[in-house]
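**Q** My questions will all concern the structure given below.
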Amino acid sequence: MKSYFNSILTLLWKDILLELRTKENIAPIIVFAGLVLLIFNFAIDPTPVLVAIVAPGILWTAFTFSGVLGMSRTFVLEKDNGTFEGMMLCPVSREVIFFGKMLANLSFMLLIEILIFPFFGILFNISILIPNLILVTFLTTLGFSSIGTIFSAISVHTRAKEIMLPILFFPIVVPIILAAVQSTSLIIQNGTQESIYTWIQLIAIFDIIFIVLSAYLFQFALEE
């Protein structure tokens with residue numbers, strides 16, 4: 001069991017070191033997400049009533065499209081650098097590779113969200129230090145990362161990698177994004193705790209389903 005988790009952490013650390021050396025992933029995505037928020041801010045008149053209605057959709061639009069940009073690079077670098085076959089030959093189970101890559105995607109997305117949230121709060125005059133909002137963001141990002149990891153593994157074998165990933169990915173991830181938007185809207189509008197926790201529980205259920213299915217199907221996704 002210890003070697004199982006050590007293998008996952010090794011893969012995670014490899015991806016983190018690669019990103020720290022190249023800086024090809026996070027910096028452009030942060031700029032993109034910031035531009036999305038800025039454009040929407042100028043496109044609407046951010047009155048308190050209107051902000052409470054549209055801000056959750058704007059926030060998750062920025063996170064979703066930024067996440068897809070990051071997910072598209074999950075296995076592309078492995079393929080381009082010729083290390084994909086070496087990773088496949090590692091004496092570890094396919095689930096180890098999945099969880100290592102998923103945690104890397106989760107870490108990168110959480111970092112982007114941490115950097116973008118203050119910008120969002122300033123532009124739309126919304127407090128971001130709300131426990132429920134942080135919980136919703138983490139749970140949604142967890143499910144998003146699990147599905148994105150397996151579909152990035154599928155799309156890397158296609159010629160139009162950048163196009164195929166969102167085509168395959170968006171129809172599956174829509175339910176959890178809609179739940180995130182709805183729960184975020186209730187949090188911003190000071191909805192009841194019962195209604196907020198109902199959506200949070202739904203997101204958690206989606207997470208469990210996505211992670212279990214993705215871990216199981218990942219071995220088939222890696223086959224060319």
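Residue numbers start at 1 in each chain; chains themselves are named A, B, ... in the order of the structure tokens; ligands are numbered from 1 in the order shown.
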Fewer than 4 positions away in the same chain doesn't count, so skip those; otherwise give me all residues within 7 Å of Phe98 in chain A, counting only C-alpha atoms, as a ChimeraX atom specification.
**A** /A:94,102,215,218
**Q** What's the 10 Å shell around Asn125 in chain A, counting only C-alpha atoms, without same-chain residues fewer than 4 positions away, as a PDB file with C-alpha atoms, in the first residue's frame?
**A**
ATOM      1  CA  PRO A  46     -22.292  45.135 -12.373  1.00  0.00           C
ATOM      2  CA  THR A  47     -25.108  46.220 -10.068  1.00  0.00           C
ATOM      3  CA  PRO A  48     -25.510  44.163  -6.876  1.00  0.00           C
ATOM      4  CA  VAL A  51     -24.015  40.442 -10.117  1.00  0.00           C
ATOM      5  CA  PRO A 118      -9.266  37.527  -5.646  1.00  0.00           C
ATOM      6  CA  PHE A 119      -9.522  39.111  -9.112  1.00  0.00           C
ATOM      7  CA  PHE A 120     -13.114  37.875  -9.365  1.00  0.00           C
ATOM      8  CA  GLY A 121     -13.933  39.229  -5.903  1.00  0.00           C
TER       9      GLY A 121
END
**Q** For the atom pair CA of Ala204 in chain A and CA of Leu12 in chain A, what is the interatomic distance in Å to one decimal place?
**A**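 The value is 23.2 Å.
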**Q** Show me, as number ranges by chain, the residues that have an atom within 10 Å of Glu113 in chain A when counting only C-alpha atoms, minus same-chain residues fewer than 4 positions from it.
**A** A: 30, 33, 59, 62-63, 66-67, 107-109, 117-120, 137-138, 141
**Q** Got a sec: who's within 9 Å of Thr184 in chain A, counting only C-alpha atoms, leaving out chain neighbours fewer than 2 positions off, as a list in words?
**A**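 Here the qualifying residues turn out to be Ala55, Pro56, Gly57, Asn132, Leu133, Val136, Thr137, Ala179, Ala180, Val181, Gln182, Leu186, Ile187, Ile188, Gln189 and Ile196 of chain A.
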**Q** Would you please work out which residue, of A:Ile154, A:Glu95, A:Val174, A:Ile114, is nearest to Leu129 in chain A when using only C-alpha atoms?
**A**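 Going through A:Ile154, A:Glu95, A:Val174, A:Ile114 one by one, the smallest distance to Leu129 in chain A is for A:Ile114.
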**Q** Would you mind telling me which residue in A:Ile126, A:Val156, A:Phe220, A:Asn6 lies nearest to Val96 in chain A when using only C-alpha atoms?
**A**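 Checking each candidate against Val96 in chain A, we get A:Asn6 as the closest.
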**Q** So what do you get for CA of Phe65 in chain A versus CA of Phe170 in chain A, distance-wise?
**A** 9.9 Å
**Q** Point out the residue among A:Ala153, A:Val68, A:Leu37, A:Ile97 with the least atom-to-atom distance to Phe5 in chain A, counting only C-alpha atoms.
**A**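 Ranking A:Ala153, A:Val68, A:Leu37, A:Ile97 by distance to Phe5 in chain A, first place goes to A:Ile97.
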**Q** For Pro166 in chain A, find every residue with an atom within 12 Å (counting only C-alpha atoms), except residues of its own chain fewer than 2 positions away, and show them as a PyMOL selection string.
**A** chain A and resi 64-72+147-148+151-152+154-155+160-164+168-174
**Q** Let's have the selection written as an mmCIF file, in the first residue's frame, with N, CA and C atoms.
**A**
data_model
loop_
_atom_site.group_PDB
_atom_site.id
_atom_site.type_symbol
_atom_site.label_atom_id
_atom_site.label_comp_id
_atom_site.auth_asym_id
_atom_site.auth_seq_id
_atom_site.Cartn_x
_atom_site.Cartn_y
_atom_site.Cartn_z
ATOM 1 N N THR A 64 -14.175 26.682 -16.232
ATOM 2 C CA THR A 64 -14.377 25.524 -17.112
ATOM 3 C C THR A 64 -13.493 25.587 -18.339
ATOM 4 N N PHE A 65 -13.514 26.721 -19.035
ATOM 5 C CA PHE A 65 -12.705 26.828 -20.245
ATOM 6 C C PHE A 65 -11.212 26.845 -19.924
ATOM 7 N N SER A 66 -10.850 27.431 -18.797
ATOM 8 C CA SER A 66 -9.449 27.400 -18.393
ATOM 9 C C SER A 66 -9.021 25.974 -18.072
ATOM 10 N N GLY A 67 -9.925 25.242 -17.402
ATOM 11 C CA GLY A 67 -9.621 23.856 -17.070
ATOM 12 C C GLY A 67 -9.429 22.994 -18.298
ATOM 13 N N VAL A 68 -10.249 23.207 -19.325
ATOM 14 C CA VAL A 68 -10.108 22.437 -20.563
ATOM 15 C C VAL A 68 -8.762 22.720 -21.223
ATOM 16 N N LEU A 69 -8.335 23.970 -21.198
ATOM 17 C CA LEU A 69 -7.017 24.305 -21.754
ATOM 18 C C LEU A 69 -5.910 23.548 -21.024
ATOM 19 N N GLY A 70 -6.032 23.470 -19.703
ATOM 20 C CA GLY A 70 -5.021 22.757 -18.934
ATOM 21 C C GLY A 70 -5.082 21.256 -19.136
ATOM 22 N N MET A 71 -6.307 20.703 -19.190
ATOM 23 C CA MET A 71 -6.462 19.259 -19.375
ATOM 24 C C MET A 71 -5.901 18.784 -20.709
ATOM 25 N N SER A 72 -5.985 19.634 -21.722
ATOM 26 C CA SER A 72 -5.520 19.229 -23.051
ATOM 27 C C SER A 72 -4.023 18.950 -23.076
ATOM 28 N N ILE A 147 -12.717 13.502 -14.596
ATOM 29 C CA ILE A 147 -13.254 13.288 -15.945
ATOM 30 C C ILE A 147 -12.291 13.824 -16.988
ATOM 31 N N GLY A 148 -11.698 14.991 -16.728
ATOM 32 C CA GLY A 148 -10.768 15.575 -17.692
ATOM 33 C C GLY A 148 -9.546 14.711 -17.933
ATOM 34 N N PHE A 151 -10.508 11.739 -20.329
ATOM 35 C CA PHE A 151 -10.789 12.172 -21.697
ATOM 36 C C PHE A 151 -9.555 12.762 -22.380
ATOM 37 N N SER A 152 -8.648 13.316 -21.607
ATOM 38 C CA SER A 152 -7.391 13.768 -22.203
ATOM 39 C C SER A 152 -6.560 12.574 -22.651
ATOM 40 N N ILE A 154 -7.870 9.811 -23.779
ATOM 41 C CA ILE A 154 -8.521 9.336 -25.001
ATOM 42 C C ILE A 154 -8.172 10.229 -26.183
ATOM 43 N N SER A 155 -8.246 11.530 -25.992
ATOM 44 C CA SER A 155 -8.060 12.467 -27.110
ATOM 45 C C SER A 155 -6.614 12.563 -27.572
ATOM 46 N N ALA A 160 -6.799 15.567 -34.014
ATOM 47 C CA ALA A 160 -7.285 16.872 -33.553
ATOM 48 C C ALA A 160 -7.482 16.835 -32.039
ATOM 49 N N LYS A 161 -6.375 16.779 -31.313
ATOM 50 C CA LYS A 161 -6.443 16.624 -29.850
ATOM 51 C C LYS A 161 -7.203 17.768 -29.199
ATOM 52 N N GLU A 162 -6.885 19.007 -29.589
ATOM 53 C CA GLU A 162 -7.462 20.173 -28.935
ATOM 54 C C GLU A 162 -8.958 20.284 -29.192
ATOM 55 N N ILE A 163 -9.422 19.739 -30.328
ATOM 56 C CA ILE A 163 -10.842 19.811 -30.661
ATOM 57 C C ILE A 163 -11.617 18.662 -30.040
ATOM 58 N N MET A 164 -11.020 17.486 -30.066
ATOM 59 C CA MET A 164 -11.717 16.299 -29.582
ATOM 60 C C MET A 164 -11.977 16.340 -28.086
ATOM 61 N N LEU A 168 -15.724 15.665 -26.453
ATOM 62 C CA LEU A 168 -16.002 14.498 -25.625
ATOM 63 C C LEU A 168 -16.298 14.877 -24.174
ATOM 64 N N PHE A 169 -15.644 15.910 -23.710
ATOM 65 C CA PHE A 169 -15.609 16.236 -22.290
ATOM 66 C C PHE A 169 -16.850 16.997 -21.810
ATOM 67 N N PHE A 170 -17.250 18.027 -22.546
ATOM 68 C CA PHE A 170 -18.312 18.912 -22.079
ATOM 69 C C PHE A 170 -19.651 18.217 -21.823
ATOM 70 N N PRO A 171 -20.124 17.322 -22.706
ATOM 71 C CA PRO A 171 -21.419 16.681 -22.419
ATOM 72 C C PRO A 171 -21.432 15.892 -21.112
ATOM 73 N N ILE A 172 -20.287 15.343 -20.713
ATOM 74 C CA ILE A 172 -20.221 14.544 -19.490
ATOM 75 C C ILE A 172 -20.108 15.423 -18.254
ATOM 76 N N VAL A 173 -19.373 16.522 -18.360
ATOM 77 C CA VAL A 173 -19.087 17.339 -17.179
ATOM 78 C C VAL A 173 -20.160 18.397 -16.916
ATOM 79 N N VAL A 174 -21.097 18.572 -17.844
ATOM 80 C CA VAL A 174 -22.135 19.593 -17.688
ATOM 81 C C VAL A 174 -22.915 19.461 -16.381
#
**Q** Which residue, A:Ile116, A:Ser183, A:Lys14, A:Phe210, has the smallest gap to Gly143 in chain A when you use only C-alpha atoms?
**A**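 Checking each of A:Ile116, A:Ser183, A:Lys14, A:Phe210 against Gly143 in chain A, counting only C-alpha atoms, the winner is A:Phe210.
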**Q** Could you check how far CA of Ala104 in chain A sits from CA of Gly34 in chain A, in Å to one decimal?
**A**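 Pair CA of Ala104 in chain A / CA of Gly34 in chain A returns 21.7 Å.
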**Q** Which residue is closest to Leu111 in chain A? Choose from A:Ile26, A:Leu17, A:Ile177, A:Ile58 and count only C-alpha atoms.
**A** A:Ile26
**Q** Go through chain A and collect every residue that DSSP, computed from the backbone, puts in alpha helix (DSSP H); the answer should be as number ranges by chain.
**A** A: 2-22, 26-43, 48-71, 76-80, 84-88, 94-124, 131-155, 161-188, 193-221
